[in-house]
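S.K.: I'm passing along coords19.tsv; it holds TSV, C-alpha atoms.
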chain	number	residue	atom	x	y	z
A	88	SER	CA	0.00	0.00	0.00
A	89	GLY	CA	1.05	3.61	-0.47
A	90	THR	CA	2.36	3.21	-4.03
A	91	HIS	CA	3.57	6.54	-5.42
A	92	ALA	CA	4.60	7.56	-8.92
A	93	LEU	CA	8.23	7.42	-7.72
A	94	HIS	CA	7.81	3.74	-6.77
A	95	VAL	CA	6.58	2.93	-10.27
A	96	GLU	CA	9.46	4.91	-11.76
A	97	LEU	CA	11.95	3.01	-9.59
A	98	GLU	CA	10.53	-0.37	-10.63
A	99	LYS	CA	10.81	0.60	-14.30
A	100	ALA	CA	14.39	1.78	-13.76
A	101	ILE	CA	15.35	-1.47	-12.02
A	102	ALA	CA	13.82	-3.57	-14.80
A	103	GLN	CA	15.71	-1.56	-17.42
A	104	PHE	CA	18.94	-1.83	-15.41
A	105	LYS	CA	18.51	-5.59	-14.95
A	106	GLY	CA	17.41	-6.22	-18.54
A	107	THR	CA	14.13	-7.84	-17.47
A	108	GLU	CA	10.59	-7.08	-18.60
A	109	ALA	CA	9.47	-5.79	-15.20
A	110	ALA	CA	10.25	-5.53	-11.48
A	111	VAL	CA	8.44	-5.01	-8.20
A	112	CYS	CA	9.93	-3.53	-5.03
A	113	PHE	CA	9.55	-4.47	-1.36
A	114	THR	CA	10.74	-2.97	1.90
A	115	SER	CA	13.47	-5.64	2.19
A	116	ALA	CA	15.07	-8.42	0.19
A	117	TYR	CA	13.88	-10.79	2.93
A	118	ALA	CA	10.29	-9.81	2.07
A	119	ALA	CA	11.05	-10.13	-1.64
A	120	ASN	CA	12.27	-13.71	-1.17
A	121	ALA	CA	9.23	-14.58	0.95
A	122	SER	CA	6.90	-13.15	-1.69
A	123	ALA	CA	8.71	-14.78	-4.58
A	124	VAL	CA	8.18	-18.26	-3.15
A	125	GLN	CA	4.95	-17.96	-1.14
A	126	THR	CA	3.00	-16.26	-3.93
A	127	LEU	CA	4.05	-18.81	-6.54
A	128	LEU	CA	4.15	-22.18	-4.78
A	129	GLY	CA	1.73	-24.26	-2.77
A	130	LYS	CA	2.22	-27.12	-0.34
A	131	ASP	CA	2.35	-29.77	-3.08
A	132	ASP	CA	4.93	-28.00	-5.25
A	133	ILE	CA	8.64	-28.83	-5.07
A	134	VAL	CA	11.70	-26.79	-4.10
A	135	VAL	CA	15.27	-27.88	-4.79
A	136	SER	CA	17.62	-25.70	-2.75
A	137	ASP	CA	21.38	-25.26	-2.26
A	138	GLN	CA	22.60	-26.38	1.16
A	139	LEU	CA	24.11	-22.96	1.93
A	140	ASN	CA	21.27	-20.73	0.74
A	141	HIS	CA	20.56	-17.63	2.80
A	142	ALA	CA	18.13	-17.92	5.69
A	143	SER	CA	15.62	-15.72	3.85
A	144	VAL	CA	15.35	-18.34	1.09
A	145	ILE	CA	14.98	-21.15	3.63
A	146	ASP	CA	12.34	-19.18	5.55
A	147	ALA	CA	10.50	-18.34	2.31
A	148	VAL	CA	10.05	-22.04	1.61
A	149	ARG	CA	8.82	-22.59	5.17
A	150	VAL	CA	6.33	-19.72	4.93
A	151	ALA	CA	5.01	-21.14	1.65
A	152	GLY	CA	4.32	-24.45	3.42
A	153	VAL	CA	6.06	-26.44	0.70
A	154	ARG	CA	6.27	-30.06	1.82
A	155	ASN	CA	8.52	-31.37	-0.96
A	156	LYS	CA	11.89	-29.84	-0.06
A	157	LEU	CA	15.06	-31.31	-1.56
A	158	VAL	CA	18.47	-29.92	-0.55
A	159	TYR	CA	21.57	-30.49	-2.68
A	160	ALA	CA	25.17	-30.31	-1.46
A	161	HIS	CA	26.64	-26.85	-1.88
A	162	SER	CA	27.31	-26.10	-5.57
A	163	ASP	CA	27.42	-29.87	-6.29
A	164	MET	CA	25.88	-30.19	-9.74
A	165	ALA	CA	25.82	-33.99	-9.70
A	166	ASP	CA	23.80	-33.87	-6.49
A	167	LEU	CA	21.54	-31.16	-7.95
A	168	GLU	CA	20.76	-33.42	-10.89
A	169	ALA	CA	20.07	-36.34	-8.56
A	170	LYS	CA	17.62	-34.16	-6.61
A	171	LEU	CA	15.97	-33.02	-9.85
A	172	VAL	CA	15.50	-36.66	-10.87
A	173	ALA	CA	13.80	-37.26	-7.51
A	174	ALA	CA	11.71	-34.10	-7.98
A	175	SER	CA	10.59	-35.31	-11.40
A	176	GLU	CA	9.28	-38.51	-9.80
A	177	ILE	CA	7.35	-36.51	-7.19
A	178	GLN	CA	5.98	-34.29	-9.97
A	179	LYS	CA	4.23	-37.22	-11.63
A	180	LYS	CA	1.52	-37.13	-8.95
A	181	PRO	CA	-0.96	-34.34	-9.80
A	182	LYS	CA	-2.07	-31.80	-7.20
A	183	ALA	CA	-5.66	-31.63	-5.93
A	184	ASP	CA	-6.56	-29.23	-8.75
A	185	GLY	CA	-5.27	-31.67	-11.35
A	186	GLU	CA	-2.21	-29.60	-12.23
A	187	LEU	CA	1.27	-31.08	-11.99
A	188	PRO	CA	3.47	-29.67	-9.21
A	189	LEU	CA	5.93	-26.92	-10.09
A	190	ILE	CA	9.65	-27.52	-9.52
A	191	LEU	CA	11.66	-24.51	-8.37
A	192	VAL	CA	15.47	-24.54	-8.13
A	193	ALA	CA	16.56	-21.86	-5.64
A	194	THR	CA	20.12	-20.65	-5.14
A	195	ASP	CA	22.07	-17.69	-3.86
A	196	GLY	CA	24.03	-15.94	-6.60
A	197	VAL	CA	26.85	-15.00	-4.22
A	198	PHE	CA	27.04	-17.02	-1.02
A	199	SER	CA	27.25	-14.46	1.74
A	200	MET	CA	29.48	-16.29	4.22
A	201	ASP	CA	32.16	-17.50	1.80
A	202	GLY	CA	31.95	-15.09	-1.12
A	203	ASP	CA	31.83	-17.84	-3.76
A	204	LEU	CA	29.56	-17.84	-6.80
A	205	ALA	CA	26.85	-20.34	-7.66
A	206	PRO	CA	27.68	-22.35	-10.82
A	207	LEU	CA	24.74	-20.67	-12.48
A	208	PRO	CA	25.26	-21.78	-16.12
A	209	LYS	CA	25.03	-25.44	-15.09
A	210	ILE	CA	22.11	-24.77	-12.73
A	211	VAL	CA	20.15	-23.13	-15.56
A	212	GLU	CA	21.05	-25.98	-17.92
A	213	LEU	CA	19.81	-28.62	-15.48
A	214	ALA	CA	16.68	-26.66	-14.62
A	215	LYS	CA	15.73	-26.52	-18.29
A	216	LYS	CA	16.47	-30.22	-18.72
A	217	TYR	CA	14.01	-31.09	-15.94
A	218	ASP	CA	11.46	-28.36	-16.75
A	219	ALA	CA	12.11	-26.49	-13.50
A	220	LEU	CA	11.88	-22.79	-12.70
A	221	THR	CA	14.95	-20.96	-11.39
A	222	LEU	CA	15.20	-18.42	-8.59
A	223	VAL	CA	18.45	-16.59	-7.85
A	224	ASP	CA	18.86	-14.54	-4.68
A	225	ASP	CA	21.46	-12.04	-5.86
A	226	ALA	CA	21.58	-9.80	-2.77
A	227	HIS	CA	25.38	-9.69	-2.83
A	228	GLY	CA	25.74	-9.59	-6.62
A	229	GLU	CA	23.64	-6.53	-7.38
A	230	GLY	CA	25.79	-3.48	-8.05
A	231	VAL	CA	28.92	-5.64	-7.91
A	232	LEU	CA	28.94	-8.34	-10.58
A	233	GLY	CA	28.12	-8.08	-14.27
A	234	LYS	CA	28.32	-5.06	-16.57
A	235	GLY	CA	27.87	-1.94	-14.46
A	236	GLY	CA	26.78	-4.06	-11.48
A	237	ARG	CA	23.81	-5.74	-13.16
A	238	GLY	CA	24.29	-8.88	-11.12
A	239	VAL	CA	25.37	-12.49	-11.28
A	240	VAL	CA	22.94	-13.44	-14.06
A	241	ASN	CA	24.46	-10.80	-16.32
A	242	HIS	CA	27.96	-11.79	-15.12
A	243	PHE	CA	27.42	-15.26	-16.59
A	244	GLY	CA	25.74	-13.95	-19.77
A	245	LEU	CA	22.42	-15.53	-18.79
A	246	ASP	CA	20.12	-12.52	-19.23
A	247	GLY	CA	16.58	-13.76	-19.81
A	248	GLU	CA	17.50	-17.32	-18.82
A	249	VAL	CA	16.67	-17.10	-15.08
A	250	ASP	CA	12.97	-16.95	-14.18
A	251	ILE	CA	13.15	-14.98	-10.92
A	252	GLU	CA	15.91	-12.63	-9.78
A	253	ILE	CA	15.86	-11.30	-6.22
A	254	GLY	CA	17.93	-8.23	-5.44
A	255	SER	CA	18.78	-6.21	-2.35
A	256	LEU	CA	18.68	-2.41	-2.34
A	257	SER	CA	20.45	-2.09	1.02
A	258	LYS	CA	23.93	-3.34	0.12
A	259	ALA	CA	25.62	-1.98	-3.00
A	260	PHE	CA	22.71	0.42	-3.55
A	261	SER	CA	23.25	1.66	0.03
A	262	VAL	CA	19.63	2.49	0.89
A	263	MET	CA	16.99	-0.11	1.87
A	264	GLY	CA	14.56	-2.51	0.24
A	265	GLY	CA	14.55	-5.40	-2.17
A	266	PHE	CA	13.01	-6.36	-5.50
A	267	ILE	CA	11.89	-9.18	-7.76
A	268	ALA	CA	12.81	-8.89	-11.45
A	269	ALA	CA	11.17	-11.21	-13.96
A	270	LYS	CA	8.94	-11.40	-17.02
A	271	GLN	CA	5.89	-9.13	-17.04
A	272	PRO	CA	3.19	-11.80	-16.45
A	273	LEU	CA	5.00	-13.08	-13.37
A	274	ILE	CA	5.50	-9.56	-11.99
A	275	ASP	CA	1.80	-8.86	-12.63
A	276	HIS	CA	1.02	-11.94	-10.53
A	277	TYR	CA	3.20	-10.65	-7.70
A	278	LEU	CA	1.69	-7.16	-7.93
A	279	MET	CA	-1.80	-8.55	-7.44
A	280	ASN	CA	-1.09	-11.37	-4.99
A	281	ALA	CA	2.10	-10.87	-2.96
A	282	ARG	CA	0.97	-10.45	0.64
A	283	GLN	CA	4.30	-8.90	1.67
A	284	ARG	CA	3.45	-6.08	-0.75
A	285	LEU	CA	-0.32	-5.81	-0.42
A	286	MET	CA	-0.41	-5.96	3.38
A	287	SER	CA	2.67	-3.83	4.08
A	288	ILE	CA	3.83	-0.28	3.60
A	289	ALA	CA	5.79	0.87	0.55
A	290	LEU	CA	9.34	2.22	0.63
A	291	THR	CA	9.52	5.78	1.97
A	292	ILE	CA	9.61	8.53	-0.65
A	293	PRO	CA	13.14	9.74	0.35
A	294	ASP	CA	14.46	6.16	0.16
A	295	THR	CA	12.81	5.67	-3.23
A	296	ALA	CA	14.31	8.89	-4.59
A	297	ALA	CA	17.75	7.88	-3.31
A	298	LEU	CA	17.41	4.47	-4.95
A	299	LEU	CA	16.47	6.04	-8.27
A	300	GLU	CA	19.67	8.08	-8.11
A	301	ALA	CA	21.72	4.99	-7.18
A	302	VAL	CA	20.36	3.03	-10.16
A	303	THR	CA	21.04	6.03	-12.41
A	304	MET	CA	24.63	6.32	-11.15
A	305	LEU	CA	25.37	2.66	-11.81
A	306	GLY	CA	23.74	2.83	-15.22
A	307	GLU	CA	25.76	5.86	-16.29
A	308	SER	CA	29.28	4.81	-15.26
A	309	GLU	CA	31.31	1.74	-14.35
A	310	ARG	CA	33.84	3.81	-12.39
A	311	LEU	CA	32.66	2.72	-8.95
A	312	GLY	CA	32.58	-0.93	-9.94
A	313	GLN	CA	36.09	-0.76	-11.35
A	314	LYS	CA	37.36	0.90	-8.17
A	315	LEU	CA	35.66	-1.76	-6.07
A	316	TRP	CA	37.35	-4.60	-7.95
A	317	TRP	CA	40.74	-2.89	-7.75
A	318	ASN	CA	40.30	-2.84	-3.97
A	319	VAL	CA	39.14	-6.46	-3.91
A	320	ASP	CA	42.20	-7.64	-5.84
A	321	TYR	CA	44.54	-5.53	-3.70
A	322	LEU	CA	43.14	-6.81	-0.42
A	323	ARG	CA	42.85	-10.41	-1.55
A	324	LYS	CA	46.55	-10.42	-2.49
A	325	GLY	CA	47.42	-8.61	0.73
A	326	PHE	CA	45.66	-11.14	2.95
A	327	THR	CA	47.21	-14.04	1.06
A	328	ASP	CA	50.69	-12.52	1.28
A	329	LEU	CA	50.20	-12.16	5.05
A	330	GLY	CA	49.43	-15.87	5.30
A	331	PHE	CA	45.69	-15.60	5.98
A	332	ASP	CA	43.30	-18.23	4.64
A	333	ILE	CA	40.57	-16.44	2.65
A	334	GLY	CA	38.79	-19.56	1.46
A	335	HIS	CA	37.38	-19.63	-2.07
A	336	SER	CA	36.03	-16.10	-2.29
A	337	GLU	CA	35.43	-14.71	-5.80
A	338	THR	CA	33.74	-11.48	-4.72
A	339	PRO	CA	34.06	-8.44	-2.42
A	340	ILE	CA	33.10	-10.73	0.48
A	341	ILE	CA	36.47	-11.88	1.85
A	342	PRO	CA	36.32	-14.34	4.76
A	343	VAL	CA	39.47	-14.52	6.89
A	344	MET	CA	39.15	-18.10	8.13
A	345	LEU	CA	40.06	-18.65	11.78
A	346	GLY	CA	38.13	-21.78	12.78
A	347	ASP	CA	37.81	-21.14	16.51
A	348	GLU	CA	34.80	-19.07	17.55
A	349	ASP	CA	36.43	-17.39	20.54
A	350	LEU	CA	39.39	-16.46	18.37
A	351	ALA	CA	37.11	-14.94	15.73
A	352	LYS	CA	35.33	-12.82	18.35
A	353	ALA	CA	38.60	-11.71	19.93
A	354	PHE	CA	40.13	-10.97	16.53
A	355	SER	CA	37.15	-8.79	15.56
A	356	ALA	CA	37.26	-6.92	18.89
A	357	LYS	CA	40.99	-6.21	18.55
A	358	LEU	CA	40.50	-5.02	14.97
A	359	PHE	CA	37.84	-2.59	16.19
A	360	GLU	CA	40.34	-1.18	18.67
A	361	GLU	CA	42.65	-0.65	15.68
A	362	GLY	CA	39.92	1.26	13.83
A	363	VAL	CA	38.88	-1.61	11.55
A	364	PHE	CA	35.35	-3.01	11.57
A	365	ALA	CA	35.13	-6.65	10.45
A	366	SER	CA	32.36	-8.82	11.87
A	367	PRO	CA	33.01	-12.19	13.52
A	368	ILE	CA	30.96	-14.89	11.79
A	369	VAL	CA	30.28	-17.81	14.13
A	370	PHE	CA	27.74	-20.59	14.72
A	371	PRO	CA	24.84	-20.68	13.81
A	372	MET	CA	25.68	-18.48	10.81
A	373	VAL	CA	28.38	-20.99	9.85
A	374	PRO	CA	29.08	-24.54	11.12
A	375	LYS	CA	31.06	-24.95	14.33
A	376	GLY	CA	34.77	-24.99	13.58
A	377	ALA	CA	34.33	-22.72	10.55
A	378	ALA	CA	34.37	-19.33	12.29
A	379	ARG	CA	35.86	-16.40	10.43
A	380	VAL	CA	36.13	-12.63	10.36
A	381	ARG	CA	34.28	-11.33	7.31
A	382	VAL	CA	35.63	-8.39	5.36
A	383	ILE	CA	33.24	-6.52	3.05
A	384	VAL	CA	35.20	-4.44	0.53
A	385	SER	CA	33.88	-1.04	-0.58
A	386	ALA	CA	34.61	1.18	-3.55
A	387	SER	CA	34.98	4.02	-1.05
A	388	PHE	CA	38.25	2.57	0.30
A	389	SER	CA	41.38	4.41	-0.73
A	390	GLN	CA	44.66	2.55	-1.18
A	391	ASP	CA	45.75	4.04	2.16
A	392	ASP	CA	42.62	2.56	3.76
A	393	CYS	CA	43.44	-0.86	2.32
A	394	GLU	CA	47.04	-0.69	3.54
A	395	ALA	CA	45.92	0.43	7.00
A	396	GLY	CA	43.44	-2.42	7.18
A	397	LEU	CA	46.02	-5.01	6.19
A	398	ALA	CA	48.49	-3.60	8.72
A	399	ALA	CA	45.85	-3.89	11.45
A	400	PHE	CA	45.14	-7.51	10.52
A	401	LYS	CA	48.86	-8.25	10.68
A	402	ARG	CA	49.25	-6.67	14.13
A	403	VAL	CA	46.19	-8.39	15.55
A	404	GLY	CA	47.17	-11.73	14.05
A	405	GLU	CA	50.65	-11.54	15.51
A	406	GLY	CA	49.32	-10.36	18.88
A	407	LEU	CA	46.80	-13.16	19.25
A	408	SER	CA	49.26	-15.86	18.17
A	409	ARG	CA	51.64	-15.12	21.03
Spit out the file's structure as structure tokens when you get a sec.

M.R.:
Amino acid sequence: SGTHALHVELEKAIAQFKGTEAAVCFTSAYAANASAVQTLLGKDDIVVSDQLNHASVIDAVRVAGVRNKLVYAHSDMADLEAKLVAASEIQKKPKADGELPLILVATDGVFSMDGDLAPLPKIVELAKKYDALTLVDDAHGEGVLGKGGRGVVNHFGLDGEVDIEIGSLSKAFSVMGGFIAAKQPLIDHYLMNARQRLMSIALTIPDTAALLEAVTMLGESERLGQKLWWNVDYLRKGFTDLGFDIGHSETPIIPVMLGDEDLAKAFSAKLFEEGVFASPIVFPMVPKGAARVRVIVSASFSQDDCEAGLAAFKRVGEGLSR
């Protein structure tokens, strides 16, 4: 409720930026994920989900009441295909209305705890093979990956090949909100039926105006994106040269792997004393024994900032190893 001309303008701008037919905005990406699944699927439909998907995707499936939930090992395409074979067997039994169940493959685009990318080309290939829909939660890819920050789908050259793209407007876009981008008939369905939109308030007008400017800025220049990736490469090399384990990150999310939860908390606290903010990531956000300090790289960092951050990590690392 409370839709304003600016909201409509923003949704058109996002669709144009993403290269989709249409888009619809929500007050958070969490709400966008919930709407994307709940509005489309019923209890007898089928979801095939990556093991490390974000909690908002997991919760969206729960809210939808989907009973047929199949989870494949993280980015394991052989296991995804095995789960799709199982889903195809379940699909043979019609729903109460006589329609066959839908199969939805859901994945993060960028996995937020490790910074790795979903193998999206293979996921799309398998989804088509088994007549499944695809949903990509690209909260950490928007504004970062692809041409001018158009996201992980564009990064892999798969524009128009993914059925549902979920984006966050509170990370790279630096305001608040989330969106669904898809073909026009699907967006029309969400506009008329998504409870998280119909029964909730719209984005504030100042936030909407700020988001329009953010989309315009990214559409006009790739300067910020190029600066971001320079910083990512510089810091990634710096951490590696200092002997830190940064896992398999391919994005501006750089996890400094520490393992022990108490160490991760202490490391983060000491960094803060040094003027560096890097969150400790511990159970239940990651499995026990996989604690880390997570660094989120920004285009706003100067080279001096990067060097100061690396120096702080070195001092804290040496201090805590004594």

S.K.: Return the single residue from A:Ile340, A:Val403, A:Leu322, A:Glu360 that is closest to Phe388 in chain A, with distances computed using all atoms listed in the file.

M.R.: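 Ranking A:Ile340, A:Val403, A:Leu322, A:Glu360 by distance to Phe388 in chain A, first place goes to A:Leu322.
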
S.K.: So the first atom is CA of Ala174 in chain A and the second is CA of Ile133 in chain A; what is the distance between them in Å, to one decimal place?

M.R.: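 Taking CA of Ala174 in chain A as the start and CA of Ile133 in chain A as the end point, the length is 6.8 Å.
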
S.K.: Compile a residue-level contact table for range 336-370 of chain A against range 315-321 of chain A at a cut-off of 10 Å, reporting for every qualifying residue the shortest atom pair and its distance in Å to one decimal, with all atoms listed in the file counted, rows ordered by chain and ascending number, as CSV.

M.R.:
residue,atom,partner,partner_atom,distance
A:Glu337,CA,A:Val319,CA,9.2
A:Thr338,CA,A:Val319,CA,7.4
A:Pro339,CA,A:Val319,CA,5.7
A:Ile340,CA,A:Val319,CA,8.6
A:Ile341,CA,A:Val319,CA,8.3

S.K.: What is the CA of Lys215 in chain A-CA of Ala160 in chain A distance in Å, reported with one decimal?

M.R.: 19.7 Å

S.K.: Against range 243-260 of chain A, which residues of range 372-406 of chain A fall within 12 Å? For each one I want the closest pair of atoms and the distance in Å (one decimal), counting all atoms listed in the file, rows by chain and increasing residue number, as a Markdown table.

M.R.:
| residue | atom | partner | partner_atom | distance |
| --- | --- | --- | --- | --- |
| A:Ile383 | CA | A:Lys258 | CA | 10.3 |
| A:Val384 | CA | A:Ala259 | CA | 10.5 |
| A:Ser385 | CA | A:Ala259 | CA | 8.7 |
| A:Ala386 | CA | A:Ala259 | CA | 9.5 |
| A:Ser387 | CA | A:Ala259 | CA | 11.3 |

S.K.: When distances are computed from all atoms listed in the file, which of A:Val192, A:Ala116, A:Leu207, A:Val172 shows the smallest separation from Val262 in chain A?

M.R.: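 Of A:Val192, A:Ala116, A:Leu207, A:Val172, the one nearest Val262 in chain A, counting all atoms listed in the file, is A:Ala116.
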
S.K.: Name all residues at most 9 Å from Leu139 in chain A (count all atoms listed in the file; drop same-chain ones fewer than 3 positions away) and give them as JSON, numbers by chain.

M.R.: {"A": [136, 142, 160, 161, 162, 194, 195, 198, 200]}

S.K.: Just to be explicit: take each residue in the selection above, keep C-alpha atoms, and write the result as a PDB file, in the coordinates of the input.

M.R.:
ATOM      1  CA  SER A 136      17.620 -25.700  -2.750  1.00  0.00           C
ATOM      2  CA  ALA A 142      18.130 -17.920   5.690  1.00  0.00           C
ATOM      3  CA  ALA A 160      25.170 -30.310  -1.460  1.00  0.00           C
ATOM      4  CA  HIS A 161      26.640 -26.850  -1.880  1.00  0.00           C
ATOM      5  CA  SER A 162      27.310 -26.100  -5.570  1.00  0.00           C
ATOM      6  CA  THR A 194      20.120 -20.650  -5.140  1.00  0.00           C
ATOM      7  CA  ASP A 195      22.070 -17.690  -3.860  1.00  0.00           C
ATOM      8  CA  PHE A 198      27.040 -17.020  -1.020  1.00  0.00           C
ATOM      9  CA  MET A 200      29.480 -16.290   4.220  1.00  0.00           C
TER      10      MET A 200
END

S.K.: Could you jot down the CA of Lys182 in chain A to CA of Ala147 in chain A separation for me, Å, one decimal place?

M.R.: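 Result for CA of Lys182 in chain A versus CA of Ala147 in chain A: 20.7 Å, one decimal.
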
S.K.: Which residue is closest to Ala281 in chain A? Choose from A:Thr126, A:Asn241, A:Thr221, A:Ser355 and count only C-alpha atoms.

M.R.: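 Distance minimum relative to Ala281 in chain A lands on A:Thr126.
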
S.K.: Can you pull out the residues contacting Ile145 in chain A? Cut-off 10 Å, using all atoms listed in the file, and skip same-chain residues under 3 positions away; I want them as a list in words.

M.R.: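 Answer for this query is Asn120, Ala121, Ser136, Asp137, Gln138, Leu139, Asn140, His141, Ala142, Val148, Arg149, Val150, Lys156 and Ala193 of chain A.
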
S.K.: Show me, as a PyMOL selection string, the residues that have an atom within 12 Å of Pro293 in chain A when counting only C-alpha atoms, minus same-chain residues fewer than 4 positions from it.

M.R.: chain A and resi 91+93-94+262-263+289+297-300

S.K.: Pick from A:Leu305, A:Leu358, A:Leu278, A:Cys393: nearest to Phe104 in chain A, with all atoms listed in the file counted?

M.R.: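 Closest residue, counting all atoms listed in the file: A:Leu305.
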
S.K.: Determine the nearest neighbour of Glu405 in chain A from the options A:Ile368, A:Met279, A:Leu329, A:Val382, counting all atoms listed in the file.

M.R.: A:Leu329

S.K.: Which residues are near Gly89 in chain A? Cut-off 12 Å, only C-alpha atoms, ignore same chain within fewer than 2 positions. Put them as a PyMOL selection string.

M.R.: chain A and resi 91-95+113-114+284-292

S.K.: Write out as a list in words which residues come within 10 Å of Val343 in chain A when counting all atoms listed in the file, dropping same-chain ones fewer than 6 positions away.

M.R.: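 The neighbour list is Asp201, Arg323, Phe326, Thr327, Phe331, Asp332, Ile333, Gly334, Ser336, Ala351, Ala365, Pro367, Ile368, Ala378, Arg379, Val380, Arg381, Val382 and Phe400 of chain A.
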
S.K.: What are the centre and edge lengths in Å, to one decimal, of the axis-aligned box around all listed atoms of range 154-160 of chain A with 8 Å added on each side, as AutoDock Vina command-line options?

M.R.:
--center_x 15.7 --center_y -30.6 --center_z -0.4 --size_x 34.9 --size_y 17.5 --size_z 20.5

S.K.: Which of these residues is nearest to Ala226 in chain A, using all atoms listed in the file: A:Tyr117, A:Tyr277, A:Phe370, A:Tyr159?

M.R.: A:Tyr117
